[in-house]
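Before any comments, here is the structure.
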Amino acid sequence: QKEVEQNSGPLSVPEGAIASLNCTYSDRGSQSFFWYRQYSGKSPELIMSIYSNGDKEDGRFTAQLNKASQYVSLLIRDSQPSDSATYLCAVSATASKIIFGSGTRLSIRP
Amino acid sequence: ETGVTQTPRHLVMGMTNKKSLKCEQHLGHNAMYWYKQSAKKPLELMFVYSLEERVENNSVPSRFSPECPNSSHLFLHLHTLQPEDSALYLCASSQEGFVADTQYFGPGTRLTVL
């Protein structure tokens, strides 16, 4: 079983709709959870971090964490073409170890 | 220069060559990281340095040798690499040596081993 699992996509969403990205993880001791966005040919950039159960909102982005189900998600409201990228889920169980998923490719169609 | 810079951006080397990748951060951070990103594979954390001391080595083969002379500079020395080592090598930095911190990535070095 992969430590951090994401659907590779591509996930195609119409412009203006809500994009929902999902991630599951295997280590129950995980404490910190991150969503990174990576445009093609570019390096990852942090979109959201979340540390406790529930929702965390930042602009059009909402991260949701459910530790009991070992599940973290990212919702993007009012999707824009500029949101088209690969979204990486990352999970950290210790201070110096972080595990990334393979990423979900998101495509926003006009 | 701002943020995290990496040189060279592209590198092609033979299996018997020795080369080095350089990373410099201009953010005043105390921690630096090396990652490997291969096609179709997750981003892999290779090394973590906090205040110039190595705090993590994720079972990386000895043909990869990191060096952190100060908190602003990080090197990855390469020797006798294999074709499967071809990948994008990303450097990152964060304020402290905890991966829970926001990490800022450099643009990466695209390495091809022939």
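Ligands are numbered from 1 in the order shown, chains are lettered A, B, ... in the order of the structure tokens, and residues start at 1 in each chain.
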Could you tell me, as a tab-separated table (two decimals) with all heavy atoms, in the first residue's frame, which residues of chain A DSSP assigns to strand (DSSP E) when given the backbone?
```tsv
chain	number	residue	atom	x	y	z
A	4	VAL	N	1.07	7.56	0.74
A	4	VAL	CA	0.17	8.67	0.44
A	4	VAL	C	-0.39	8.42	-0.96
A	4	VAL	O	0.38	8.30	-1.91
A	4	VAL	CB	0.89	10.04	0.49
A	4	VAL	CG1	-0.06	11.16	0.10
A	4	VAL	CG2	1.47	10.27	1.88
A	5	GLU	N	-1.69	8.31	-1.05
A	5	GLU	CA	-2.30	7.91	-2.31
A	5	GLU	C	-3.20	9.00	-2.86
A	5	GLU	O	-4.03	9.56	-2.15
A	5	GLU	CB	-3.11	6.62	-2.09
A	5	GLU	CG	-3.43	5.89	-3.36
A	5	GLU	CD	-3.40	4.38	-3.19
A	5	GLU	OE1	-3.13	3.88	-2.08
A	5	GLU	OE2	-3.66	3.69	-4.19
A	11	LEU	N	-8.13	15.07	-13.88
A	11	LEU	CA	-9.45	15.45	-13.43
A	11	LEU	C	-9.84	16.68	-14.23
A	11	LEU	O	-9.16	17.69	-14.18
A	11	LEU	CB	-9.41	15.77	-11.93
A	11	LEU	CG	-10.68	16.32	-11.30
A	11	LEU	CD1	-11.78	15.28	-11.34
A	11	LEU	CD2	-10.41	16.74	-9.84
A	12	SER	N	-10.92	16.57	-15.00
A	12	SER	CA	-11.35	17.67	-15.86
A	12	SER	C	-12.58	18.32	-15.26
A	12	SER	O	-13.58	17.65	-14.99
A	12	SER	CB	-11.66	17.16	-17.27
A	12	SER	OG	-12.06	18.22	-18.11
A	13	VAL	N	-12.51	19.64	-15.03
A	13	VAL	CA	-13.57	20.38	-14.36
A	13	VAL	C	-13.91	21.61	-15.20
A	13	VAL	O	-12.99	22.29	-15.67
A	13	VAL	CB	-13.13	20.79	-12.95
A	13	VAL	CG1	-14.12	21.72	-12.28
A	13	VAL	CG2	-12.88	19.56	-12.09
A	14	PRO	N	-15.18	21.92	-15.40
A	14	PRO	CA	-15.50	23.14	-16.17
A	14	PRO	C	-15.16	24.39	-15.38
A	14	PRO	O	-15.23	24.42	-14.14
A	14	PRO	CB	-17.01	23.01	-16.41
A	14	PRO	CG	-17.50	22.07	-15.38
A	14	PRO	CD	-16.38	21.16	-15.03
A	19	ALA	N	-13.64	22.13	-7.98
A	19	ALA	CA	-12.74	20.98	-8.18
A	19	ALA	C	-12.48	20.35	-6.83
A	19	ALA	O	-12.18	21.06	-5.85
A	19	ALA	CB	-11.43	21.44	-8.82
A	20	SER	N	-12.59	19.04	-6.75
A	20	SER	CA	-12.39	18.31	-5.51
A	20	SER	C	-11.25	17.31	-5.67
A	20	SER	O	-11.32	16.40	-6.50
A	20	SER	CB	-13.69	17.59	-5.12
A	20	SER	OG	-13.50	16.84	-3.93
A	21	LEU	N	-10.21	17.50	-4.88
A	21	LEU	CA	-9.02	16.64	-4.95
A	21	LEU	C	-8.90	15.87	-3.64
A	21	LEU	O	-9.05	16.45	-2.56
A	21	LEU	CB	-7.77	17.50	-5.17
A	21	LEU	CG	-7.83	18.40	-6.41
A	21	LEU	CD1	-6.78	19.48	-6.33
A	21	LEU	CD2	-7.63	17.58	-7.66
A	22	ASN	N	-8.61	14.60	-3.75
A	22	ASN	CA	-8.62	13.74	-2.57
A	22	ASN	C	-7.27	13.05	-2.35
A	22	ASN	O	-6.52	12.80	-3.30
A	22	ASN	CB	-9.70	12.67	-2.72
A	22	ASN	CG	-11.06	13.28	-2.97
A	22	ASN	OD1	-11.46	14.22	-2.29
A	22	ASN	ND2	-11.78	12.76	-3.95
A	23	CYS	N	-7.02	12.71	-1.10
A	23	CYS	CA	-5.76	12.09	-0.72
A	23	CYS	C	-5.99	11.21	0.51
A	23	CYS	O	-6.69	11.64	1.44
A	23	CYS	CB	-4.75	13.21	-0.41
A	23	CYS	SG	-3.17	12.68	0.26
A	24	THR	N	-5.45	10.01	0.49
A	24	THR	CA	-5.50	9.16	1.68
A	24	THR	C	-4.07	8.83	2.09
A	24	THR	O	-3.16	8.83	1.26
A	24	THR	CB	-6.28	7.85	1.43
A	24	THR	OG1	-5.68	7.16	0.32
A	24	THR	CG2	-7.74	8.14	1.10
A	25	TYR	N	-3.89	8.55	3.38
A	25	TYR	CA	-2.55	8.27	3.88
A	25	TYR	C	-2.60	7.08	4.83
A	25	TYR	O	-3.65	6.78	5.40
A	25	TYR	CB	-1.95	9.51	4.56
A	25	TYR	CG	-2.74	10.02	5.73
A	25	TYR	CD1	-2.45	9.63	7.03
A	25	TYR	CD2	-3.80	10.90	5.53
A	25	TYR	CE1	-3.17	10.09	8.10
A	25	TYR	CE2	-4.54	11.37	6.60
A	25	TYR	CZ	-4.23	10.97	7.88
A	25	TYR	OH	-4.97	11.43	8.94
A	32	SER	N	0.93	16.55	10.15
A	32	SER	CA	0.87	17.75	9.32
A	32	SER	C	0.54	17.34	7.89
A	32	SER	O	1.05	16.35	7.39
A	32	SER	CB	2.22	18.48	9.34
A	32	SER	OG	2.63	18.74	10.67
A	33	PHE	N	-0.30	18.17	7.26
A	33	PHE	CA	-0.81	17.82	5.93
A	33	PHE	C	-0.74	19.04	5.03
A	33	PHE	O	-1.06	20.15	5.46
A	33	PHE	CB	-2.26	17.31	6.06
A	33	PHE	CG	-2.39	16.21	7.06
A	33	PHE	CD1	-2.56	16.49	8.41
A	33	PHE	CD2	-2.32	14.89	6.65
A	33	PHE	CE1	-2.65	15.46	9.35
A	33	PHE	CE2	-2.42	13.86	7.58
A	33	PHE	CZ	-2.58	14.15	8.93
A	34	PHE	N	-0.32	18.82	3.80
A	34	PHE	CA	-0.05	19.93	2.90
A	34	PHE	C	-0.61	19.64	1.51
A	34	PHE	O	-0.65	18.51	1.07
A	34	PHE	CB	1.46	20.15	2.76
A	34	PHE	CG	2.19	20.23	4.06
A	34	PHE	CD1	2.70	19.09	4.66
A	34	PHE	CD2	2.37	21.44	4.70
A	34	PHE	CE1	3.37	19.15	5.87
A	34	PHE	CE2	3.04	21.52	5.91
A	34	PHE	CZ	3.55	20.37	6.50
A	35	TRP	N	-0.98	20.71	0.85
A	35	TRP	CA	-1.30	20.65	-0.58
A	35	TRP	C	-0.36	21.61	-1.30
A	35	TRP	O	-0.28	22.79	-0.96
A	35	TRP	CB	-2.75	21.05	-0.86
A	35	TRP	CG	-3.73	19.97	-0.52
A	35	TRP	CD1	-4.49	19.88	0.59
A	35	TRP	CD2	-4.04	18.83	-1.33
A	35	TRP	NE1	-5.27	18.74	0.54
A	35	TRP	CE2	-5.01	18.09	-0.63
A	35	TRP	CE3	-3.61	18.36	-2.57
A	35	TRP	CZ2	-5.55	16.90	-1.12
A	35	TRP	CZ3	-4.15	17.19	-3.06
A	35	TRP	CH2	-5.10	16.46	-2.34
A	36	TYR	N	0.35	21.06	-2.31
A	36	TYR	CA	1.23	21.85	-3.15
A	36	TYR	C	0.67	21.85	-4.57
A	36	TYR	O	0.10	20.86	-5.03
A	36	TYR	CB	2.65	21.25	-3.20
A	36	TYR	CG	3.49	21.50	-1.98
A	36	TYR	CD1	3.38	20.69	-0.85
A	36	TYR	CD2	4.40	22.54	-1.95
A	36	TYR	CE1	4.17	20.92	0.27
A	36	TYR	CE2	5.20	22.77	-0.84
A	36	TYR	CZ	5.07	21.96	0.27
A	36	TYR	OH	5.84	22.18	1.37
A	37	ARG	N	0.89	22.94	-5.27
A	37	ARG	CA	0.53	23.04	-6.67
A	37	ARG	C	1.81	23.08	-7.48
A	37	ARG	O	2.76	23.79	-7.14
A	37	ARG	CB	-0.28	24.33	-6.92
A	37	ARG	CG	-0.68	24.57	-8.38
A	37	ARG	CD	-1.54	25.81	-8.48
A	37	ARG	NE	-0.81	27.01	-8.07
A	37	ARG	CZ	-1.42	28.15	-7.71
A	37	ARG	NH1	-2.73	28.24	-7.73
A	37	ARG	NH2	-0.69	29.18	-7.37
A	38	GLN	N	1.84	22.32	-8.58
A	38	GLN	CA	3.02	22.29	-9.43
A	38	GLN	C	2.58	22.45	-10.88
A	38	GLN	O	1.94	21.56	-11.45
A	38	GLN	CB	3.81	21.00	-9.24
A	38	GLN	CG	5.13	20.99	-10.00
A	38	GLN	CD	6.01	19.79	-9.67
A	38	GLN	OE1	5.54	18.75	-9.23
A	38	GLN	NE2	7.32	19.93	-9.87
A	45	GLU	N	4.70	24.69	-5.19
A	45	GLU	CA	4.48	25.82	-4.28
A	45	GLU	C	3.34	25.45	-3.34
A	45	GLU	O	2.35	24.83	-3.74
A	45	GLU	CB	4.17	27.10	-5.05
A	45	GLU	CG	2.97	27.00	-5.97
A	45	GLU	CD	2.66	28.31	-6.68
A	45	GLU	OE1	2.90	29.38	-6.10
A	45	GLU	OE2	2.16	28.24	-7.81
A	46	LEU	N	3.48	25.84	-2.08
A	46	LEU	CA	2.49	25.48	-1.07
A	46	LEU	C	1.19	26.25	-1.29
A	46	LEU	O	1.19	27.46	-1.45
A	46	LEU	CB	3.04	25.79	0.33
A	46	LEU	CG	2.14	25.37	1.48
A	46	LEU	CD1	2.11	23.84	1.58
A	46	LEU	CD2	2.64	25.97	2.79
A	47	ILE	N	0.07	25.51	-1.29
A	47	ILE	CA	-1.25	26.11	-1.39
A	47	ILE	C	-1.88	26.21	0.00
A	47	ILE	O	-2.37	27.26	0.39
A	47	ILE	CB	-2.16	25.27	-2.32
A	47	ILE	CG1	-1.60	25.23	-3.72
A	47	ILE	CG2	-3.58	25.83	-2.32
A	47	ILE	CD1	-1.58	26.57	-4.40
A	48	MET	N	-1.87	25.09	0.70
A	48	MET	CA	-2.53	25.04	2.00
A	48	MET	C	-1.80	24.08	2.91
A	48	MET	O	-1.25	23.09	2.46
A	48	MET	CB	-3.97	24.52	1.87
A	48	MET	CG	-4.93	25.38	1.10
A	48	MET	SD	-5.55	26.74	2.10
A	48	MET	CE	-6.69	25.87	3.16
A	49	SER	N	-1.84	24.35	4.20
A	49	SER	CA	-1.40	23.39	5.20
A	49	SER	C	-2.53	23.25	6.22
A	49	SER	O	-3.27	24.21	6.47
A	49	SER	CB	-0.12	23.85	5.89
A	49	SER	OG	-0.31	25.11	6.49
A	50	ILE	N	-2.68	22.07	6.79
A	50	ILE	CA	-3.73	21.83	7.77
A	50	ILE	C	-3.22	20.84	8.79
A	50	ILE	O	-2.51	19.88	8.45
A	50	ILE	CB	-5.04	21.36	7.09
A	50	ILE	CG1	-6.19	21.26	8.08
A	50	ILE	CG2	-4.85	20.06	6.32
A	50	ILE	CD1	-7.57	21.11	7.43
A	54	GLY	N	-11.15	18.95	10.44
A	54	GLY	CA	-12.10	19.97	10.05
A	54	GLY	C	-11.69	20.64	8.75
A	54	GLY	O	-10.95	20.09	7.96
A	55	ASP	N	-12.22	21.83	8.56
A	55	ASP	CA	-11.99	22.59	7.34
A	55	ASP	C	-11.11	23.80	7.62
A	55	ASP	O	-11.17	24.40	8.69
A	55	ASP	CB	-13.32	23.09	6.76
A	55	ASP	CG	-14.22	21.96	6.31
A	55	ASP	OD1	-13.82	20.79	6.42
A	55	ASP	OD2	-15.34	22.25	5.84
A	56	LYS	N	-10.33	24.15	6.61
A	56	LYS	CA	-9.53	25.37	6.68
A	56	LYS	C	-9.67	26.07	5.32
A	56	LYS	O	-9.41	25.46	4.29
A	56	LYS	CB	-8.06	25.05	6.96
A	56	LYS	CG	-7.17	26.29	7.02
A	56	LYS	CD	-5.73	25.89	7.28
A	56	LYS	CE	-4.82	27.10	7.28
A	56	LYS	NZ	-3.40	26.71	7.46
A	57	GLU	N	-10.10	27.33	5.37
A	57	GLU	CA	-10.39	28.03	4.14
A	57	GLU	C	-9.38	29.15	3.92
A	57	GLU	O	-8.96	29.84	4.85
A	57	GLU	CB	-11.81	28.62	4.21
A	57	GLU	CG	-12.30	29.23	2.93
A	57	GLU	CD	-13.76	29.67	3.02
A	57	GLU	OE1	-14.57	28.92	3.60
A	57	GLU	OE2	-14.07	30.77	2.54
A	58	ASP	N	-8.98	29.33	2.64
A	58	ASP	CA	-8.10	30.43	2.27
A	58	ASP	C	-8.49	30.85	0.87
A	58	ASP	O	-8.12	30.19	-0.12
A	58	ASP	CB	-6.64	29.98	2.33
A	58	ASP	CG	-5.68	31.12	2.03
A	58	ASP	OD1	-6.13	32.27	1.80
A	58	ASP	OD2	-4.46	30.87	2.03
A	61	PHE	N	-9.74	28.35	-1.87
A	61	PHE	CA	-9.28	27.02	-1.49
A	61	PHE	C	-9.78	26.63	-0.09
A	61	PHE	O	-9.77	27.45	0.82
A	61	PHE	CB	-7.75	26.96	-1.49
A	61	PHE	CG	-7.13	27.23	-2.84
A	61	PHE	CD1	-6.71	28.51	-3.16
A	61	PHE	CD2	-6.97	26.22	-3.77
A	61	PHE	CE1	-6.13	28.78	-4.40
A	61	PHE	CE2	-6.40	26.48	-5.01
A	61	PHE	CZ	-5.99	27.77	-5.32
A	62	THR	N	-10.23	25.38	0.03
A	62	THR	CA	-10.60	24.82	1.33
A	62	THR	C	-9.94	23.46	1.47
A	62	THR	O	-10.11	22.59	0.61
A	62	THR	CB	-12.13	24.66	1.47
A	62	THR	OG1	-12.75	25.94	1.36
A	62	THR	CG2	-12.48	24.04	2.82
A	63	ALA	N	-9.17	23.29	2.54
A	63	ALA	CA	-8.60	21.98	2.86
A	63	ALA	C	-9.47	21.34	3.93
A	63	ALA	O	-9.96	22.01	4.84
A	63	ALA	CB	-7.17	22.12	3.36
A	64	GLN	N	-9.69	20.04	3.80
A	64	GLN	CA	-10.49	19.29	4.76
A	64	GLN	C	-9.68	18.11	5.26
A	64	GLN	O	-9.07	17.39	4.45
A	64	GLN	CB	-11.78	18.79	4.09
A	64	GLN	CG	-12.67	19.89	3.56
A	64	GLN	CD	-13.87	19.34	2.79
A	64	GLN	OE1	-13.74	18.42	1.98
A	64	GLN	NE2	-15.04	19.91	3.04
A	65	LEU	N	-9.68	17.90	6.57
A	65	LEU	CA	-8.91	16.81	7.17
A	65	LEU	C	-9.80	15.95	8.04
A	65	LEU	O	-10.55	16.48	8.87
A	65	LEU	CB	-7.75	17.37	8.00
A	65	LEU	CG	-6.92	16.38	8.79
A	65	LEU	CD1	-6.23	15.37	7.87
A	65	LEU	CD2	-5.89	17.09	9.66
A	66	ASN	N	-9.70	14.65	7.86
A	66	ASN	CA	-10.41	13.70	8.71
A	66	ASN	C	-9.39	12.63	9.12
A	66	ASN	O	-9.09	11.70	8.36
A	66	ASN	CB	-11.58	13.06	7.94
A	66	ASN	CG	-12.40	12.14	8.80
A	66	ASN	OD1	-11.87	11.45	9.68
A	66	ASN	ND2	-13.70	12.10	8.57
A	71	TYR	N	-7.84	10.82	5.74
A	71	TYR	CA	-8.28	11.40	4.47
A	71	TYR	C	-8.10	12.91	4.54
A	71	TYR	O	-8.44	13.55	5.54
A	71	TYR	CB	-9.77	11.04	4.32
A	71	TYR	CG	-10.50	11.61	3.16
A	71	TYR	CD1	-10.65	10.87	1.99
A	71	TYR	CD2	-11.10	12.86	3.23
A	71	TYR	CE1	-11.38	11.37	0.93
A	71	TYR	CE2	-11.82	13.37	2.17
A	71	TYR	CZ	-11.96	12.61	1.03
A	71	TYR	OH	-12.68	13.11	-0.03
A	72	VAL	N	-7.53	13.47	3.47
A	72	VAL	CA	-7.41	14.92	3.38
A	72	VAL	C	-7.82	15.33	1.96
A	72	VAL	O	-7.51	14.61	0.99
A	72	VAL	CB	-5.98	15.39	3.75
A	72	VAL	CG1	-4.93	14.75	2.88
A	72	VAL	CG2	-5.87	16.89	3.72
A	73	SER	N	-8.53	16.42	1.84
A	73	SER	CA	-9.00	16.84	0.53
A	73	SER	C	-8.76	18.33	0.33
A	73	SER	O	-8.52	19.08	1.28
A	73	SER	CB	-10.48	16.51	0.34
A	73	SER	OG	-11.25	17.27	1.25
A	74	LEU	N	-8.81	18.74	-0.92
A	74	LEU	CA	-8.68	20.15	-1.29
A	74	LEU	C	-9.82	20.48	-2.24
A	74	LEU	O	-10.00	19.80	-3.25
A	74	LEU	CB	-7.34	20.41	-1.98
A	74	LEU	CG	-7.11	21.85	-2.43
A	74	LEU	CD1	-6.89	22.75	-1.21
A	74	LEU	CD2	-5.90	21.95	-3.36
A	75	LEU	N	-10.59	21.51	-1.89
A	75	LEU	CA	-11.65	21.99	-2.75
A	75	LEU	C	-11.22	23.33	-3.34
A	75	LEU	O	-10.71	24.19	-2.62
A	75	LEU	CB	-12.95	22.18	-1.97
A	75	LEU	CG	-13.53	20.95	-1.27
A	75	LEU	CD1	-14.79	21.32	-0.49
A	75	LEU	CD2	-13.85	19.86	-2.28
A	76	ILE	N	-11.43	23.48	-4.63
A	76	ILE	CA	-11.15	24.75	-5.29
A	76	ILE	C	-12.46	25.26	-5.87
A	76	ILE	O	-13.05	24.65	-6.76
A	76	ILE	CB	-10.11	24.57	-6.43
A	76	ILE	CG1	-8.85	23.88	-5.92
A	76	ILE	CG2	-9.77	25.94	-7.04
A	76	ILE	CD1	-7.84	23.55	-7.02
A	85	ALA	N	-3.09	22.39	-13.17
A	85	ALA	CA	-1.76	22.06	-12.65
A	85	ALA	C	-1.83	20.67	-12.04
A	85	ALA	O	-2.90	20.04	-12.01
A	85	ALA	CB	-1.32	23.07	-11.59
A	86	THR	N	-0.72	20.20	-11.54
A	86	THR	CA	-0.70	18.97	-10.75
A	86	THR	C	-0.69	19.35	-9.28
A	86	THR	O	0.08	20.22	-8.86
A	86	THR	CB	0.52	18.11	-11.09
A	86	THR	OG1	0.44	17.69	-12.44
A	86	THR	CG2	0.57	16.87	-10.20
A	87	TYR	N	-1.57	18.72	-8.50
A	87	TYR	CA	-1.69	19.03	-7.08
A	87	TYR	C	-1.12	17.86	-6.28
A	87	TYR	O	-1.56	16.72	-6.42
A	87	TYR	CB	-3.15	19.30	-6.72
A	87	TYR	CG	-3.60	20.63	-7.28
A	87	TYR	CD1	-3.95	20.74	-8.62
A	87	TYR	CD2	-3.59	21.78	-6.49
A	87	TYR	CE1	-4.31	21.97	-9.16
A	87	TYR	CE2	-3.95	23.01	-7.02
A	87	TYR	CZ	-4.31	23.09	-8.36
A	87	TYR	OH	-4.66	24.32	-8.90
A	88	LEU	N	-0.13	18.19	-5.45
A	88	LEU	CA	0.57	17.18	-4.66
A	88	LEU	C	0.08	17.24	-3.22
A	88	LEU	O	0.08	18.31	-2.60
A	88	LEU	CB	2.08	17.44	-4.68
A	88	LEU	CG	2.75	17.58	-6.05
A	88	LEU	CD1	4.23	17.93	-5.87
A	88	LEU	CD2	2.63	16.29	-6.83
A	89	CYS	N	-0.29	16.09	-2.70
A	89	CYS	CA	-0.63	15.96	-1.29
A	89	CYS	C	0.62	15.50	-0.56
A	89	CYS	O	1.35	14.62	-1.06
A	89	CYS	CB	-1.76	14.93	-1.16
A	89	CYS	SG	-2.18	14.46	0.53
A	90	ALA	N	0.92	16.08	0.59
A	90	ALA	CA	2.09	15.67	1.37
A	90	ALA	C	1.69	15.52	2.83
A	90	ALA	O	0.87	16.29	3.35
A	90	ALA	CB	3.20	16.70	1.22
A	91	VAL	N	2.29	14.53	3.47
A	91	VAL	CA	1.94	14.20	4.85
A	91	VAL	C	3.22	14.04	5.66
A	91	VAL	O	4.18	13.41	5.20
A	91	VAL	CB	1.13	12.87	4.86
A	91	VAL	CG1	0.86	12.42	6.28
A	91	VAL	CG2	-0.16	13.03	4.08
A	92	SER	N	3.21	14.60	6.85
A	92	SER	CA	4.39	14.52	7.70
A	92	SER	C	4.02	13.90	9.04
A	92	SER	O	3.10	14.36	9.71
A	92	SER	CB	4.96	15.92	7.91
A	92	SER	OG	6.01	15.88	8.86
A	93	ALA	N	4.75	12.84	9.40
A	93	ALA	CA	4.52	12.20	10.69
A	93	ALA	C	5.57	12.61	11.72
A	93	ALA	O	5.33	12.55	12.92
A	93	ALA	CB	4.52	10.68	10.53
A	94	THR	N	6.72	13.02	11.26
A	94	THR	CA	7.78	13.44	12.18
A	94	THR	C	8.30	14.80	11.73
A	94	THR	O	7.97	15.28	10.65
A	94	THR	CB	8.96	12.44	12.20
A	94	THR	OG1	9.65	12.52	10.95
A	94	THR	CG2	8.47	11.02	12.43
A	97	LYS	N	10.47	14.19	8.40
A	97	LYS	CA	10.10	13.25	7.34
A	97	LYS	C	8.78	13.65	6.74
A	97	LYS	O	7.79	13.82	7.44
A	97	LYS	CB	10.00	11.83	7.91
A	97	LYS	CG	9.83	10.75	6.83
A	97	LYS	CD	9.89	9.37	7.46
A	97	LYS	CE	9.70	8.26	6.44
A	97	LYS	NZ	10.86	8.17	5.54
A	98	ILE	N	8.76	13.81	5.45
A	98	ILE	CA	7.54	14.17	4.74
A	98	ILE	C	7.39	13.23	3.55
A	98	ILE	O	8.37	12.91	2.88
A	98	ILE	CB	7.58	15.66	4.31
A	98	ILE	CG1	6.25	16.09	3.69
A	98	ILE	CG2	8.73	15.93	3.35
A	98	ILE	CD1	6.14	17.61	3.52
A	99	ILE	N	6.17	12.75	3.34
A	99	ILE	CA	5.89	11.83	2.24
A	99	ILE	C	4.92	12.50	1.29
A	99	ILE	O	3.88	13.02	1.71
A	99	ILE	CB	5.25	10.52	2.74
A	99	ILE	CG1	6.07	9.90	3.87
A	99	ILE	CG2	5.07	9.54	1.58
A	99	ILE	CD1	7.41	9.38	3.47
A	100	PHE	N	5.27	12.50	0.00
A	100	PHE	CA	4.41	13.09	-1.03
A	100	PHE	C	3.64	12.00	-1.77
A	100	PHE	O	4.13	10.90	-1.97
A	100	PHE	CB	5.26	13.86	-2.04
A	100	PHE	CG	5.72	15.21	-1.58
A	100	PHE	CD1	6.81	15.33	-0.74
A	100	PHE	CD2	5.06	16.35	-1.98
A	100	PHE	CE1	7.24	16.58	-0.31
A	100	PHE	CE2	5.48	17.60	-1.57
A	100	PHE	CZ	6.57	17.72	-0.73
A	104	THR	N	-2.24	14.71	-8.44
A	104	THR	CA	-3.43	14.63	-9.30
A	104	THR	C	-3.34	15.76	-10.32
A	104	THR	O	-3.20	16.93	-9.95
A	104	THR	CB	-4.73	14.78	-8.50
A	104	THR	OG1	-4.84	13.70	-7.58
A	104	THR	CG2	-5.95	14.80	-9.42
A	105	ARG	N	-3.45	15.38	-11.59
A	105	ARG	CA	-3.42	16.41	-12.64
A	105	ARG	C	-4.82	16.96	-12.82
A	105	ARG	O	-5.76	16.22	-13.09
A	105	ARG	CB	-2.89	15.80	-13.94
A	105	ARG	CG	-2.51	16.80	-15.00
A	105	ARG	CD	-1.41	16.23	-15.91
A	105	ARG	NE	-1.74	14.92	-16.43
A	105	ARG	CZ	-2.33	14.70	-17.60
A	105	ARG	NH1	-2.67	15.70	-18.37
A	105	ARG	NH2	-2.58	13.48	-18.03
A	106	LEU	N	-4.95	18.28	-12.65
A	106	LEU	CA	-6.24	18.96	-12.77
A	106	LEU	C	-6.25	19.81	-14.03
A	106	LEU	O	-5.30	20.55	-14.29
A	106	LEU	CB	-6.48	19.86	-11.54
A	106	LEU	CG	-7.72	20.76	-11.57
A	106	LEU	CD1	-8.99	19.91	-11.55
A	106	LEU	CD2	-7.72	21.72	-10.39
A	107	SER	N	-7.32	19.68	-14.80
A	107	SER	CA	-7.48	20.46	-16.02
A	107	SER	C	-8.81	21.21	-15.93
A	107	SER	O	-9.87	20.59	-15.76
A	107	SER	CB	-7.46	19.55	-17.24
A	107	SER	OG	-7.71	20.28	-18.42
A	108	ILE	N	-8.77	22.53	-16.05
A	108	ILE	CA	-9.98	23.34	-16.03
A	108	ILE	C	-10.32	23.70	-17.47
A	108	ILE	O	-9.54	24.35	-18.16
A	108	ILE	CB	-9.78	24.63	-15.21
A	108	ILE	CG1	-9.26	24.29	-13.80
A	108	ILE	CG2	-11.09	25.42	-15.13
A	108	ILE	CD1	-10.15	23.41	-12.98
A	109	ARG	N	-11.47	23.24	-17.92
A	109	ARG	CA	-11.85	23.48	-19.32
A	109	ARG	C	-12.76	24.71	-19.40
A	109	ARG	O	-13.66	24.88	-18.58
A	109	ARG	CB	-12.51	22.25	-19.92
A	109	ARG	CG	-13.74	21.73	-19.20
A	109	ARG	CD	-14.28	20.47	-19.89
A	109	ARG	NE	-15.58	20.13	-19.37
A	109	ARG	CZ	-15.80	19.33	-18.33
A	109	ARG	NH1	-14.76	18.77	-17.69
A	109	ARG	NH2	-17.02	19.06	-17.92
```
May I have a table of the residues of stretch 60-102 of chain B lying at most 6 Å from stretch 1-23 of chain B, giving each one's closest pair of atoms and their distance in Å to one decimal, counting only C-alpha atoms, ordered by chain and ascending residue number, as CSV?
```
residue,atom,partner,partner_atom,distance
B:His73,CA,B:Cys23,CA,5.7
B:Leu74,CA,B:Cys23,CA,5.0
B:Phe75,CA,B:Lys22,CA,4.6
B:Leu76,CA,B:Leu21,CA,5.0
B:His77,CA,B:Ser20,CA,4.3
B:Leu78,CA,B:Lys19,CA,5.2
B:His79,CA,B:Lys18,CA,4.5
B:Thr80,CA,B:Thr16,CA,4.8
B:Leu81,CA,B:Met15,CA,5.0
B:Gln82,CA,B:Met15,CA,5.9
```
Put those residues in a file: C-alpha atoms, as a PDB file, in the first residue's frame.
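Here's the written file selection-v1.pdb:
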```pdb
ATOM      1  CA  HIS B  73      24.201  27.131   0.599  1.00  0.00           C
ATOM      2  CA  LEU B  74      23.605  23.474  -0.133  1.00  0.00           C
ATOM      3  CA  PHE B  75      25.425  21.222  -2.555  1.00  0.00           C
ATOM      4  CA  LEU B  76      24.746  17.763  -3.915  1.00  0.00           C
ATOM      5  CA  HIS B  77      27.894  16.028  -5.131  1.00  0.00           C
ATOM      6  CA  LEU B  78      27.305  13.312  -7.713  1.00  0.00           C
ATOM      7  CA  HIS B  79      29.646  10.489  -8.718  1.00  0.00           C
ATOM      8  CA  THR B  80      29.282   7.226 -10.609  1.00  0.00           C
ATOM      9  CA  LEU B  81      25.570   7.747 -11.108  1.00  0.00           C
ATOM     10  CA  GLN B  82      23.242   5.325 -12.851  1.00  0.00           C
TER      11      GLN B  82
END
```
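Atom CA of B:Glu53 to atom CA of A:Glu3 spans 27.3 Å [interatomic distance, one decimal].
The space between atom CA of B:Leu111 and atom CA of B:Cys68 spans 20.3 Å.
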> Out of A:Pro110, A:Ser52, A:Ser69, A:Asp83, which residue has the shortest atom-to-atom distance to A:Ser40 when counting only C-alpha atoms?
Replying inline: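 Under the stated criterion, the closest residue is A:Asp83.
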